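Next comes final_17.pdb, with PDB, C-alpha atoms.
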MODEL        1
ATOM      1  CA  MET A 181      58.448 104.402  72.306
ATOM      2  CA  ILE A 182      56.132 107.353  72.629
ATOM      3  CA  ILE A 183      56.693 110.003  75.294
ATOM      4  CA  LEU A 184      53.532 111.549  76.763
ATOM      5  CA  ILE A 185      53.967 114.626  78.924
ATOM      6  CA  THR A 186      51.034 115.648  81.109
ATOM      7  CA  SER A 187      50.568 119.403  80.899
ATOM      8  CA  CYS A 188      47.818 122.022  80.863
ATOM      9  CA  GLU A 189      46.973 124.998  78.695
ATOM     10  CA  LYS A 190      48.526 127.556  81.064
ATOM     11  CA  ASN A 191      51.909 125.766  81.213
ATOM     12  CA  GLU A 192      53.332 126.978  77.893
ATOM     13  CA  GLU A 193      56.562 128.110  79.624
ATOM     14  CA  TYR A 194      57.078 124.597  81.019
ATOM     15  CA  ARG A 195      56.477 123.036  77.601
ATOM     16  CA  GLU A 196      58.895 125.427  75.949
ATOM     17  CA  ALA A 197      61.569 124.686  78.575
ATOM     18  CA  LEU A 198      61.291 120.959  77.790
ATOM     19  CA  ARG A 199      61.434 121.614  74.035
ATOM     20  CA  GLN A 200      64.630 123.602  74.542
ATOM     21  CA  THR A 201      66.293 121.043  76.834
ATOM     22  CA  TRP A 202      65.803 117.279  76.920
ATOM     23  CA  LEU A 203      63.373 117.109  73.981
ATOM     24  CA  LYS A 204      65.510 119.312  71.731
ATOM     25  CA  ASN A 205      67.353 116.674  69.721
ATOM     26  CA  THR A 206      65.209 113.602  70.211
ATOM     27  CA  SER A 207      63.822 111.583  67.334
ATOM     28  CA  ILE A 208      61.332 109.898  69.682
ATOM     29  CA  LEU A 209      57.714 110.912  69.179
ATOM     30  CA  TYR A 210      56.572 113.056  72.090
ATOM     31  CA  LEU A 211      53.252 114.732  72.794
ATOM     32  CA  PHE A 212      52.137 117.105  75.517
ATOM     33  CA  ILE A 213      48.700 116.158  76.892
ATOM     34  CA  VAL A 214      46.337 119.100  77.403
ATOM     35  CA  GLY A 215      42.637 118.902  78.213
ATOM     36  CA  GLY A 216      40.001 120.622  76.133
ATOM     37  CA  PRO A 217      36.289 120.611  75.382
ATOM     38  CA  SER A 218      36.529 119.540  71.736
ATOM     39  CA  GLU A 219      37.320 116.235  70.078
ATOM     40  CA  THR A 220      40.782 114.765  70.548
ATOM     41  CA  HIS A 221      43.266 116.220  68.070
ATOM     42  CA  ILE A 222      46.919 117.170  67.675
ATOM     43  CA  THR A 223      48.256 120.643  67.007
ATOM     44  CA  ASP A 224      52.045 120.703  66.583
ATOM     45  CA  ASP A 225      53.325 118.667  69.555
ATOM     46  CA  ILE A 226      50.216 119.045  71.740
ATOM     47  CA  LEU A 227      47.636 116.288  72.017
ATOM     48  CA  TYR A 228      44.382 117.937  73.044
ATOM     49  CA  VAL A 229      42.122 115.363  74.675
ATOM     50  CA  ARG A 230      38.459 115.575  75.548
ATOM     51  CA  ALA A 231      38.817 116.068  79.304
ATOM     52  CA  SER A 232      38.925 118.928  81.756
ATOM     53  CA  ASP A 233      42.297 120.627  82.013
ATOM     54  CA  ASP A 234      42.520 120.674  85.807
ATOM     55  CA  TYR A 235      44.589 118.640  88.256
ATOM     56  CA  ASP A 236      41.730 116.362  89.268
ATOM     57  CA  SER A 237      41.296 115.345  85.623
ATOM     58  CA  VAL A 238      44.871 114.068  85.123
ATOM     59  CA  PRO A 239      43.740 110.402  85.149
ATOM     60  CA  ASN A 240      41.105 111.161  82.493
ATOM     61  CA  LYS A 241      43.597 113.103  80.364
ATOM     62  CA  GLN A 242      46.111 110.262  80.555
ATOM     63  CA  PHE A 243      43.475 107.638  79.723
ATOM     64  CA  GLU A 244      42.338 109.596  76.667
ATOM     65  CA  ALA A 245      45.948 110.020  75.547
ATOM     66  CA  PHE A 246      46.660 106.270  75.925
ATOM     67  CA  LYS A 247      43.505 105.506  73.963
ATOM     68  CA  TYR A 248      44.466 107.906  71.174
ATOM     69  CA  CYS A 249      47.995 106.503  70.907
ATOM     70  CA  SER A 250      46.736 102.910  70.875
ATOM     71  CA  GLU A 251      44.375 103.708  68.010
ATOM     72  CA  ASN A 252      46.777 105.847  65.956
ATOM     73  CA  TYR A 253      50.382 104.719  66.453
ATOM     74  CA  GLN A 254      52.500 101.581  66.384
ATOM     75  CA  PHE A 255      54.582 101.392  69.553
ATOM     76  CA  GLU A 256      55.852  98.956  72.147
ATOM     77  CA  ASN A 257      56.069 101.316  75.139
ATOM     78  CA  ILE A 258      54.789 104.666  76.367
ATOM     79  CA  PHE A 259      56.759 106.752  78.827
ATOM     80  CA  ILE A 260      54.622 109.270  80.697
ATOM     81  CA  CYS A 261      55.811 112.139  82.860
ATOM     82  CA  ASP A 262      54.761 115.627  83.893
ATOM     83  CA  ASP A 263      55.806 118.916  82.330
ATOM     84  CA  ASP A 264      57.947 119.765  85.368
ATOM     85  CA  THR A 265      60.193 116.721  84.837
ATOM     86  CA  TYR A 266      63.678 116.618  83.346
ATOM     87  CA  VAL A 267      64.331 113.225  81.774
ATOM     88  CA  CYS A 268      67.791 111.898  80.924
ATOM     89  CA  LEU A 269      66.705 110.101  77.774
ATOM     90  CA  ASP A 270      69.932 108.134  77.401
ATOM     91  CA  ARG A 271      69.487 106.686  80.891
ATOM     92  CA  LEU A 272      65.830 105.907  80.223
ATOM     93  CA  LEU A 273      66.637 104.146  76.955
ATOM     94  CA  ASP A 274      69.445 102.173  78.635
ATOM     95  CA  SER A 275      67.165 100.987  81.459
ATOM     96  CA  ASP A 276      65.407  97.618  81.377
ATOM     97  CA  TYR A 277      61.917  99.054  80.841
ATOM     98  CA  ARG A 278      61.462  96.818  77.767
ATOM     99  CA  ILE A 279      61.194  93.664  79.859
ATOM    100  CA  HIS A 280      58.408  95.037  82.059
ATOM    101  CA  ASP A 281      54.795  95.848  81.315
ATOM    102  CA  TYR A 282      54.877  98.495  84.037
ATOM    103  CA  TYR A 283      58.055 100.268  85.092
ATOM    104  CA  GLY A 284      57.752 102.962  87.757
ATOM    105  CA  GLY A 285      55.820 103.682  90.935
ATOM    106  CA  GLY A 286      52.652 101.938  92.005
ATOM    107  CA  PRO A 287      49.061 102.695  91.096
ATOM    108  CA  VAL A 288      47.583 105.208  93.491
ATOM    109  CA  ARG A 289      44.068 106.159  94.381
ATOM    110  CA  MET A 290      43.472 109.393  96.231
ATOM    111  CA  TRP A 291      40.129 109.938  97.877
ATOM    112  CA  ASP A 292      37.355 109.318  95.380
ATOM    113  CA  ARG A 293      39.448 109.886  92.224
ATOM    114  CA  PRO A 294      40.116 107.088  89.734
ATOM    115  CA  TYR A 295      43.340 105.121  89.934
ATOM    116  CA  TYR A 296      46.311 106.694  88.213
ATOM    117  CA  VAL A 297      50.019 105.979  87.958
ATOM    118  CA  LEU A 298      52.557 107.663  90.189
ATOM    119  CA  GLY A 299      56.167 107.224  89.339
ATOM    120  CA  GLY A 300      58.240 110.170  90.544
ATOM    121  CA  PRO A 301      60.099 111.144  87.367
ATOM    122  CA  GLY A 302      57.840 109.037  85.174
ATOM    123  CA  VAL A 303      56.330 105.670  84.355
ATOM    124  CA  CYS A 304      56.871 103.383  81.389
ATOM    125  CA  LEU A 305      54.026 101.140  80.202
ATOM    126  CA  SER A 306      54.059  98.449  77.559
ATOM    127  CA  LYS A 307      51.284  98.392  74.999
ATOM    128  CA  LYS A 308      50.010  95.266  76.774
ATOM    129  CA  ALA A 309      49.615  97.241  80.037
TER     130      ALA A 309
ENDMDL
END

In structure tokens, how does this file's structure come out?
Amino acid sequence: MIILITSCEKNEEYREALRQTWLKNTSILYLFIVGGPSETHITDDILYVRASDDYDSVPNKQFEAFKYCSENYQFENIFICDDDTYVCLDRLLDSDYRIHDYYGGGPVRMWDRPYYVLGGPGVCLSKKA
């Protein structure tokens, strides 16, 4: 599993809070997704993707992050959440997400924006999804 956490450049305090709480002792690969103008790259635990770093660009940021992970990592599932989410990893890992391609809320389209996933505390996707 890979954990992707949607964030933005200005939310360093949120990222640090997650690092000091539920991400502190995990051995699961996690990356914060932040938009930027340059090519996709990783610095420490931040995956900078080529997309705007505003709220309307969340679907684009997530798509670029999924694409990067698919091309660069071996995994069965990706869990994606926002940087204002507290995840009980033991409960997540004990859930039956492995038997679903999509585990979470439904796809949503708001106004003229692209479809994106909405799952409350998070969404788990299989590599097939």

Subject >> Residue IDs satisfying the PyMOL selection byres ((chain A and resi 234) around 12), as a count of residues only >> reply: 20

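Each of A:Asp264, A:Pro301, A:Ala309, A:Ile258 was checked against Asp281 (chain A) using all atoms listed in the file; the smallest atom-to-atom distance is that of A:Ala309.
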
Original post:
Could you name the residues that touch Tyr283 (chain A) at 10 Å or less, counting all atoms listed in the file, but leaving out those on the same chain fewer than 3 positions away, as a list in words?
Top reply: Phe259, Ser275, Asp276, Tyr277, Arg278, Ile279, His280, Gly286, Gly299, Gly302, Val303, Cys304, Leu305 and Ser306 of chain A

File dump, residues just selected, C-alpha atoms, as a PDB file, keeping the file's coordinate frame:
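Saved as again-v5.pdb:
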ATOM      1  CA  PHE A 259      56.759 106.752  78.827  1.00  0.00           C
ATOM      2  CA  SER A 275      67.165 100.987  81.459  1.00  0.00           C
ATOM      3  CA  ASP A 276      65.407  97.618  81.377  1.00  0.00           C
ATOM      4  CA  TYR A 277      61.917  99.054  80.841  1.00  0.00           C
ATOM      5  CA  ARG A 278      61.462  96.818  77.767  1.00  0.00           C
ATOM      6  CA  ILE A 279      61.194  93.664  79.859  1.00  0.00           C
ATOM      7  CA  HIS A 280      58.408  95.037  82.059  1.00  0.00           C
ATOM      8  CA  GLY A 286      52.652 101.938  92.005  1.00  0.00           C
ATOM      9  CA  GLY A 299      56.167 107.224  89.339  1.00  0.00           C
ATOM     10  CA  GLY A 302      57.840 109.037  85.174  1.00  0.00           C
ATOM     11  CA  VAL A 303      56.330 105.670  84.355  1.00  0.00           C
ATOM     12  CA  CYS A 304      56.871 103.383  81.389  1.00  0.00           C
ATOM     13  CA  LEU A 305      54.026 101.140  80.202  1.00  0.00           C
ATOM     14  CA  SER A 306      54.059  98.449  77.559  1.00  0.00           C
TER      15      SER A 306
END

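The two atoms in question, CA of Phe255 (chain A) and CA of Met181 (chain A), are spaced 5.6 Å apart.
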
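For the residues A:Ala197, A:Ile182, A:Leu273, A:Ile226, ranking by smallest atom-to-atom distance to Asn252 (chain A) using only C-alpha atoms places A:Ile182 first.
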